[in-house]
file model35.pdb (PDB, C-alpha atoms)
MODEL        1
ATOM      1  CA  PHE K 105      44.881   2.520 -67.024
ATOM      2  CA  GLY K 106      41.950   3.460 -64.869
ATOM      3  CA  SER K 107      38.397   4.638 -64.988
ATOM      4  CA  SER K 108      38.841   7.856 -63.022
ATOM      5  CA  GLY K 109      39.871   9.892 -66.069
ATOM      6  CA  SER K 110      43.078  11.598 -67.038
ATOM      7  CA  LYS K 111      45.443  12.788 -64.383
ATOM      8  CA  SER K 112      48.535  14.882 -64.772
ATOM      9  CA  VAL K 113      51.490  15.166 -62.467
ATOM     10  CA  PRO K 114      52.986  18.555 -61.679
ATOM     11  CA  LEU K 115      56.232  16.994 -60.372
ATOM     12  CA  THR K 116      56.383  19.548 -57.609
ATOM     13  CA  SER K 117      55.737  19.253 -53.928
ATOM     14  CA  PRO K 118      54.485  21.454 -51.119
ATOM     15  CA  SER K 119      57.568  20.344 -49.164
ATOM     16  CA  LEU K 120      59.895  22.094 -51.614
ATOM     17  CA  PRO K 121      60.698  25.700 -50.791
ATOM     18  CA  ALA K 122      58.483  28.238 -52.540
ATOM     19  CA  THR K 123      61.606  29.757 -54.097
ATOM     20  CA  THR K 124      62.453  26.520 -55.912
ATOM     21  CA  THR K 125      61.874  26.988 -59.613
ATOM     22  CA  THR K 126      62.734  24.848 -62.572
ATOM     23  CA  THR K 127      64.550  26.677 -65.332
ATOM     24  CA  SER K 128      65.196  25.546 -68.878
ATOM     25  CA  ASN K 129      68.862  25.082 -67.887
ATOM     26  CA  ASP K 130      67.786  22.676 -65.109
ATOM     27  CA  ILE K 131      65.779  20.651 -67.606
ATOM     28  CA  LEU K 132      68.603  20.649 -70.161
ATOM     29  CA  SER K 133      71.148  19.467 -67.588
ATOM     30  CA  SER K 134      68.705  16.724 -66.520
ATOM     31  CA  PHE K 135      68.716  15.295 -70.054
ATOM     32  CA  SER K 136      72.194  13.936 -69.454
ATOM     33  CA  ARG K 137      71.076  12.097 -66.304
ATOM     34  CA  TRP K 138      68.005  10.283 -67.678
ATOM     35  CA  ASN K 139      67.453  10.839 -71.380
ATOM     36  CA  VAL K 140      64.578   8.495 -72.182
ATOM     37  CA  ARG K 141      63.541   8.501 -75.821
ATOM     38  CA  ASP K 142      59.906   8.027 -76.782
ATOM     39  CA  HIS K 143      60.685   4.689 -78.464
ATOM     40  CA  ASN K 144      62.242   3.366 -75.204
ATOM     41  CA  VAL K 145      59.011   3.715 -73.214
ATOM     42  CA  PRO K 146      57.401   0.259 -73.154
ATOM     43  CA  ASN K 147      53.676  -0.281 -73.523
ATOM     44  CA  LEU K 148      51.872  -1.002 -70.297
ATOM     45  CA  PRO K 149      51.646  -4.822 -70.158
ATOM     46  CA  SER K 150      48.183  -6.350 -70.236
ATOM     47  CA  PHE K 151      46.803  -7.120 -66.777
ATOM     48  CA  TYR K 152      49.721  -5.302 -65.111
ATOM     49  CA  PRO K 153      48.610  -4.129 -61.651
ATOM     50  CA  LEU K 154      49.704  -0.500 -61.390
ATOM     51  CA  GLU K 155      50.568   1.008 -58.019
ATOM     52  CA  LYS K 156      48.090   3.509 -56.562
ATOM     53  CA  SER K 157      50.827   6.102 -57.005
ATOM     54  CA  ALA K 158      50.718   5.802 -60.807
ATOM     55  CA  VAL K 159      49.599   8.870 -62.737
ATOM     56  CA  PHE K 160      48.761   9.480 -66.364
ATOM     57  CA  VAL K 161      50.454  12.443 -68.043
ATOM     58  CA  PRO K 162      48.559  13.255 -71.256
ATOM     59  CA  HIS K 163      50.451  14.360 -74.364
ATOM     60  CA  ALA K 164      53.785  13.896 -72.589
ATOM     61  CA  SER K 165      57.146  13.640 -74.280
ATOM     62  CA  ALA K 166      59.431  10.997 -72.743
ATOM     63  CA  PRO K 167      62.591  13.151 -72.957
ATOM     64  CA  ILE K 168      60.937  16.138 -71.265
ATOM     65  CA  LEU K 169      59.136  14.053 -68.627
ATOM     66  CA  SER K 170      62.246  12.014 -67.744
ATOM     67  CA  ALA K 171      64.331  15.199 -67.483
ATOM     68  CA  ARG K 172      61.754  16.780 -65.152
ATOM     69  CA  ILE K 173      61.736  13.687 -62.943
ATOM     70  CA  ALA K 174      65.559  13.614 -62.871
ATOM     71  CA  ASN K 175      65.576  17.288 -61.912
ATOM     72  CA  VAL K 176      63.163  16.717 -59.009
ATOM     73  CA  LEU K 177      65.269  13.797 -57.764
ATOM     74  CA  GLN K 178      68.359  16.001 -57.840
ATOM     75  CA  VAL K 179      66.632  18.907 -56.058
ATOM     76  CA  ARG K 180      65.509  16.501 -53.321
ATOM     77  CA  SER K 181      69.008  14.968 -53.026
ATOM     78  CA  ILE K 182      67.767  11.498 -53.916
ATOM     79  CA  ALA K 183      70.422   9.054 -55.129
ATOM     80  CA  ALA K 184      69.349   7.557 -58.436
ATOM     81  CA  SER K 185      70.509   4.936 -60.906
ATOM     82  CA  TYR K 186      69.075   5.741 -64.333
ATOM     83  CA  ASP K 187      68.322   3.302 -67.150
ATOM     84  CA  ALA K 188      67.112   5.137 -70.247
ATOM     85  CA  GLN K 189      66.793   1.942 -72.310
ATOM     86  CA  THR K 190      64.097   0.521 -70.013
ATOM     87  CA  ALA K 191      62.626   3.881 -68.903
ATOM     88  CA  LYS K 192      63.347   3.017 -65.261
ATOM     89  CA  VAL K 193      65.175   4.688 -62.369
ATOM     90  CA  ASP K 194      66.042   3.098 -59.012
ATOM     91  CA  CYS K 195      66.199   5.594 -56.142
ATOM     92  CA  VAL K 196      67.278   5.812 -52.511
ATOM     93  CA  SER K 197      66.232   8.745 -50.319
ATOM     94  CA  LYS K 198      68.345  10.207 -47.518
ATOM     95  CA  TYR K 199      66.201   8.168 -45.086
ATOM     96  CA  GLN K 200      67.093   4.953 -46.952
ATOM     97  CA  VAL K 201      63.691   4.545 -48.589
ATOM     98  CA  GLU K 202      64.232   2.605 -51.809
ATOM     99  CA  PHE K 203      61.822   3.146 -54.680
ATOM    100  CA  ARG K 204      61.602   2.693 -58.428
ATOM    101  CA  ILE K 205      60.109   5.000 -61.026
ATOM    102  CA  ARG K 206      58.970   3.506 -64.331
ATOM    103  CA  LEU K 207      57.462   5.042 -67.421
ATOM    104  CA  TYR K 208      54.907   3.216 -69.561
ATOM    105  CA  ARG K 209      53.109   4.074 -72.756
ATOM    106  CA  GLY K 210      49.366   4.036 -72.197
ATOM    107  CA  ARG K 211      46.959   1.736 -74.067
ATOM    108  CA  ALA K 212      43.521   2.272 -75.573
ATOM    109  CA  GLU K 213      42.032   5.553 -74.316
ATOM    110  CA  TYR K 214      45.396   6.325 -72.651
ATOM    111  CA  ASN K 215      47.527   5.954 -75.786
ATOM    112  CA  HIS K 216      48.067   9.722 -75.959
ATOM    113  CA  GLY K 217      50.388   9.976 -72.963
ATOM    114  CA  ILE K 218      52.750   8.356 -70.508
ATOM    115  CA  ILE K 219      52.034   6.572 -67.233
ATOM    116  CA  VAL K 220      54.481   7.297 -64.410
ATOM    117  CA  GLU K 221      54.566   4.617 -61.725
ATOM    118  CA  VAL K 222      56.409   4.890 -58.397
ATOM    119  CA  GLN K 223      56.971   1.669 -56.432
ATOM    120  CA  ARG K 224      58.354   1.732 -52.898
ATOM    121  CA  ARG K 225      60.720  -1.213 -52.619
ATOM    122  CA  ALA K 226      62.055  -0.967 -49.054
ATOM    123  CA  GLY K 227      62.114   1.380 -46.101
ATOM    124  CA  PHE K 228      59.628   3.818 -44.658
ATOM    125  CA  ASP K 229      59.532   7.530 -43.876
ATOM    126  CA  LEU K 230      56.577   9.322 -42.328
ATOM    127  CA  SER K 231      57.036  12.322 -44.628
ATOM    128  CA  TYR K 232      55.842  10.163 -47.549
ATOM    129  CA  THR K 233      52.375  10.005 -46.019
ATOM    130  CA  ASN K 234      51.792  13.755 -46.407
TER     131      ASN K 234
ENDMDL
END
call {"tool": "encode", "arguments": {"input": "model35.pdb", "output": "structure tokens"}}
result
Amino acid sequence: FGSSGSKSVPLTSPSLPATTTTTSNDILSSFSRWNVRDHNVPNLPSFYPLEKSAVFVPHASAPILSARIANVLQVRSIAASYDAQTAKVDCVSKYQVEFRIRLYRGRAEYNHGIIVEVQRRAGFDLSYTN
């Protein structure tokens, strides 16, 4: 996946209000939106060029990670089309920025976690640069 070592993603943002918290009920309700099972996460293809935005989440469970991502998308009012079978979600922000989130199983020294990749497909918003 990369030579810079393991990275984890908090799935939070400084732009969210400080009072925003994720409860177990939020996570449980997110399961129904994007319930990816561990066996549905494909292996990262050989020679696949990951986006710079990709992060490695060590020891991650696909159902928990996908629910957390779905919860963040809901909190940020991002329209999303979920596909649990391919571990992929297509998104559109309120500023019409289209992006895709994909989950991959790591290989070799990264086989103990999940890679989360975000690809911007169309559109631009200056707030994404912060």
call {"tool": "closest_residue", "arguments": {"input": "model35.pdb", "among": "K:Ile219, K:Ala171, K:Ala226, K:Ala188", "to": "Arg204 in chain K", "atoms": "all atoms listed in the file"}}
result
K:Ala226
call {"tool": "residues_around", "arguments": {"input": "model35.pdb", "residues": "Arg224 in chain K", "least_positions_apart": "5", "cutoff": "12 Å", "atoms": "only C-alpha atoms", "output": "JSON list (two decimals) with C-alpha atoms, keeping the file's coordinate frame"}}
result
[["chain", "number", "residue", "atom", "x", "y", "z"],
["K", 155, "GLU", "CA", 50.57, 1.01, -58.02],
["K", 156, "LYS", "CA", 48.09, 3.51, -56.56],
["K", 157, "SER", "CA", 50.83, 6.10, -57.00],
["K", 158, "ALA", "CA", 50.72, 5.80, -60.81],
["K", 194, "ASP", "CA", 66.04, 3.10, -59.01],
["K", 195, "CYS", "CA", 66.20, 5.59, -56.14],
["K", 196, "VAL", "CA", 67.28, 5.81, -52.51],
["K", 197, "SER", "CA", 66.23, 8.74, -50.32],
["K", 200, "GLN", "CA", 67.09, 4.95, -46.95],
["K", 201, "VAL", "CA", 63.69, 4.54, -48.59],
["K", 202, "GLU", "CA", 64.23, 2.60, -51.81],
["K", 203, "PHE", "CA", 61.82, 3.15, -54.68],
["K", 204, "ARG", "CA", 61.60, 2.69, -58.43],
["K", 205, "ILE", "CA", 60.11, 5.00, -61.03],
["K", 206, "ARG", "CA", 58.97, 3.51, -64.33],
["K", 229, "ASP", "CA", 59.53, 7.53, -43.88],
["K", 232, "TYR", "CA", 55.84, 10.16, -47.55]]
call {"tool": "closest_residue", "arguments": {"input": "model35.pdb", "among": "K:Tyr199, K:Tyr208, K:Phe151, K:Tyr186", "to": "Phe228 in chain K", "atoms": "all atoms listed in the file"}}
result
K:Tyr199
call {"tool": "closest_residue", "arguments": {"input": "model35.pdb", "among": "K:Ser185, K:Gln223, K:Asn215, K:Ser170", "to": "Asn139 in chain K", "atoms": "only C-alpha atoms"}}
result
K:Ser170
call {"tool": "axis_aligned_box", "arguments": {"input": "model35.pdb", "around": "range 199-217 of chain K", "padding_each_side": "5 Å", "output": "AutoDock Vina command-line options"}}
result
--center_x 54.6 --center_y 5.9 --center_z -60.5 --size_x 35.1 --size_y 18.2 --size_z 40.9
call {"tool": "atom_distance", "arguments": {"input": "model35.pdb", "atom1": "CA of Val145 in chain K", "atom2": "CA of Arg180 in chain K"}}
result
24.5 Å
call {"tool": "atom_distance", "arguments": {"input": "model35.pdb", "atom1": "CA of Pro146 in chain K", "atom2": "CA of Val222 in chain K"}}
result
15.5 Å
call {"tool": "closest_residue", "arguments": {"input": "model35.pdb", "among": "K:Lys198, K:His216, K:Arg225, K:His143", "to": "Leu177 in chain K", "atoms": "all atoms listed in the file"}}
result
K:Lys198
call {"tool": "atom_distance", "arguments": {"input": "model35.pdb", "atom1": "CA of Ala183 in chain K", "atom2": "CA of Pro149 in chain K"}}
result
27.8 Å
call {"tool": "closest_residue", "arguments": {"input": "model35.pdb", "among": "K:Val193, K:Trp138, K:Gly227, K:Ile218", "to": "Asn175 in chain K", "atoms": "only C-alpha atoms"}}
result
K:Trp138
call {"tool": "residues_around", "arguments": {"input": "model35.pdb", "residues": "Pro167 in chain K", "least_positions_apart": "5", "cutoff": "8 Å", "atoms": "all atoms listed in the file", "output": "PyMOL selection string"}}
result
chain K and resi 135+139-142
